[in-house]
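Each remark here refers to the structure printed beneath this line.
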Amino acid sequence: METKGRLYGIGVGPGDPELLTLKALRLLRAAPVVAYQSATDKESIARAIVAQYLPGNQIEVLFHLPRALEPEKAKSIYDKEIEPIADHLAAGRDVVVLCEGDPFFYGSFMYLFTRLCDQYETEVVPGVSSLMACPVALGVPFTYYTDILTVLPAPLPAEELTTHLLMTDAAAIMKLGRHFTKVRDILHKLGLASRARYIERASTSQQRIIPLDEVDPDEVPYFSMIVIPTKNRL
């Protein structure tokens with residue numbers, strides 16, 4: 001009976017190549033197949049993070065999981081995109097899938113995991129997420145003692161964002177992009193703008209920290225975050 005390959009989803013961190021874990025590095029170098037996703041006609045961010053560690057003799061598989069799709073439309077596209085990975089696994093080749101940040105924290109690997117984990121032995125390796133990297137880069141402690149931290153996706157309706165922000169001690173608002181203006185206006189309305197800190201591409205050579213009201217809404221990348229640290233100090 002032919003042996004199936006093993007699937008690995010490894011978190012490669014927020015951008016700094018030195019934030020890759022030792023386990024992820026070991027698996028990355030040993031795998032015959034390395035897969036990673038990228039936006040159409042753009043370099044893969046995940047691959048760029050680990051490029052210096054690739055031995056140069058591996059099969060590389062690029063796939064594309066477009067964002068901002070309705071679930072039903074996305075399903076068939078995602079099913080099709082992962083077929084080459086499934087083919088390698090079926091042929092007995094182990095596949096390491098790269099994922100920026102952490103695979104299970106808004107990570108693209110989740111879409112592969114739900115489609116393949118029942119058919120192939122799968123291991124997920126945690127990674128340093130932007131949720132950890134951004135406060136450190138900003139130099140602001142996020143939470144103390146019993147503070148409550150809430151992670152909010154910016155595409156949520158304004159009413160939901162407002163409700164959650166009123167009920168928490170600290171917050172991280174992710175996936176800003178075209179939703180930045182809505183979020184900024186909510187923070188001003190709630191009196192939180194003075195505590196809010198904006199950062200993009202944390203831990204990379206393109207990292208930028210900009211005062212909230214100086215951010216150009218038309219230039220906000222997907223990999224950006226607004227951090228609202230606790231007002232408490234212990």
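Labels used: A, B, ... for chains in the order of the structure tokens, numbers from 1 for residues in each chain, and numbers from 1 for ligands as shown.
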
I'd like to know which residues of stretch 3-233 of chain A are strand (DSSP E) (by DSSP, run on the backbone); could you write them as number ranges by chain? A: 7-11, 33-37, 59-63, 95-99, 122-125, 149-153, 170-174, 197-200, 208-210, 224-228

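Distance annotation: of A:Pro229, A:Gly11, A:Pro141, A:Pro135, the residue with the minimal separation from A:Ile199 is A:Pro135; atom set is only C-alpha atoms.
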
Quick one: distance from atom CA of A:Val136 to atom CA of A:Gly13 in Å, one decimal? 13.7 Å

Quick one: residues within 6 Å of stretch 46-55 of chain A, only C-alpha atoms, excluding same-chain residues fewer than 4 positions away - as a PyMOL selection string? chain A and resi 15+17+98-100

Can you write out the residues you just picked, keeping N, CA and C atoms, as a PDB file, in the first residue's frame?
ATOM      1  N   GLY A  15       7.179  38.545  10.039  1.00  0.00           N
ATOM      2  CA  GLY A  15       8.010  39.150   8.999  1.00  0.00           C
ATOM      3  C   GLY A  15       9.498  39.063   9.241  1.00  0.00           C
ATOM      4  N   PRO A  17      12.711  37.245   9.800  1.00  0.00           N
ATOM      5  CA  PRO A  17      13.101  35.845   9.618  1.00  0.00           C
ATOM      6  C   PRO A  17      13.634  35.196  10.890  1.00  0.00           C
ATOM      7  N   LEU A  98       3.621  27.156   4.223  1.00  0.00           N
ATOM      8  CA  LEU A  98       4.033  28.342   4.962  1.00  0.00           C
ATOM      9  C   LEU A  98       2.832  29.219   5.246  1.00  0.00           C
ATOM     10  N   CYS A  99       2.819  29.803   6.428  1.00  0.00           N
ATOM     11  CA  CYS A  99       1.723  30.702   6.785  1.00  0.00           C
ATOM     12  C   CYS A  99       2.280  31.858   7.589  1.00  0.00           C
ATOM     13  N   GLU A 100       2.034  33.088   7.130  1.00  0.00           N
ATOM     14  CA  GLU A 100       2.475  34.246   7.902  1.00  0.00           C
ATOM     15  C   GLU A 100       1.824  34.205   9.280  1.00  0.00           C
TER      16      GLU A 100
END

From the DSSP assignment of the backbone, select every residue of stretch 89-152 of chain A that is helix (DSSP H, G or I), and format the answer as a PyMOL selection string. chain A and resi 89-90+109-116+130-138

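Closest approach to A:Pro153 among A:Phe63, A:Phe180, A:Tyr198, A:Tyr120: A:Phe180, based on only C-alpha atoms.
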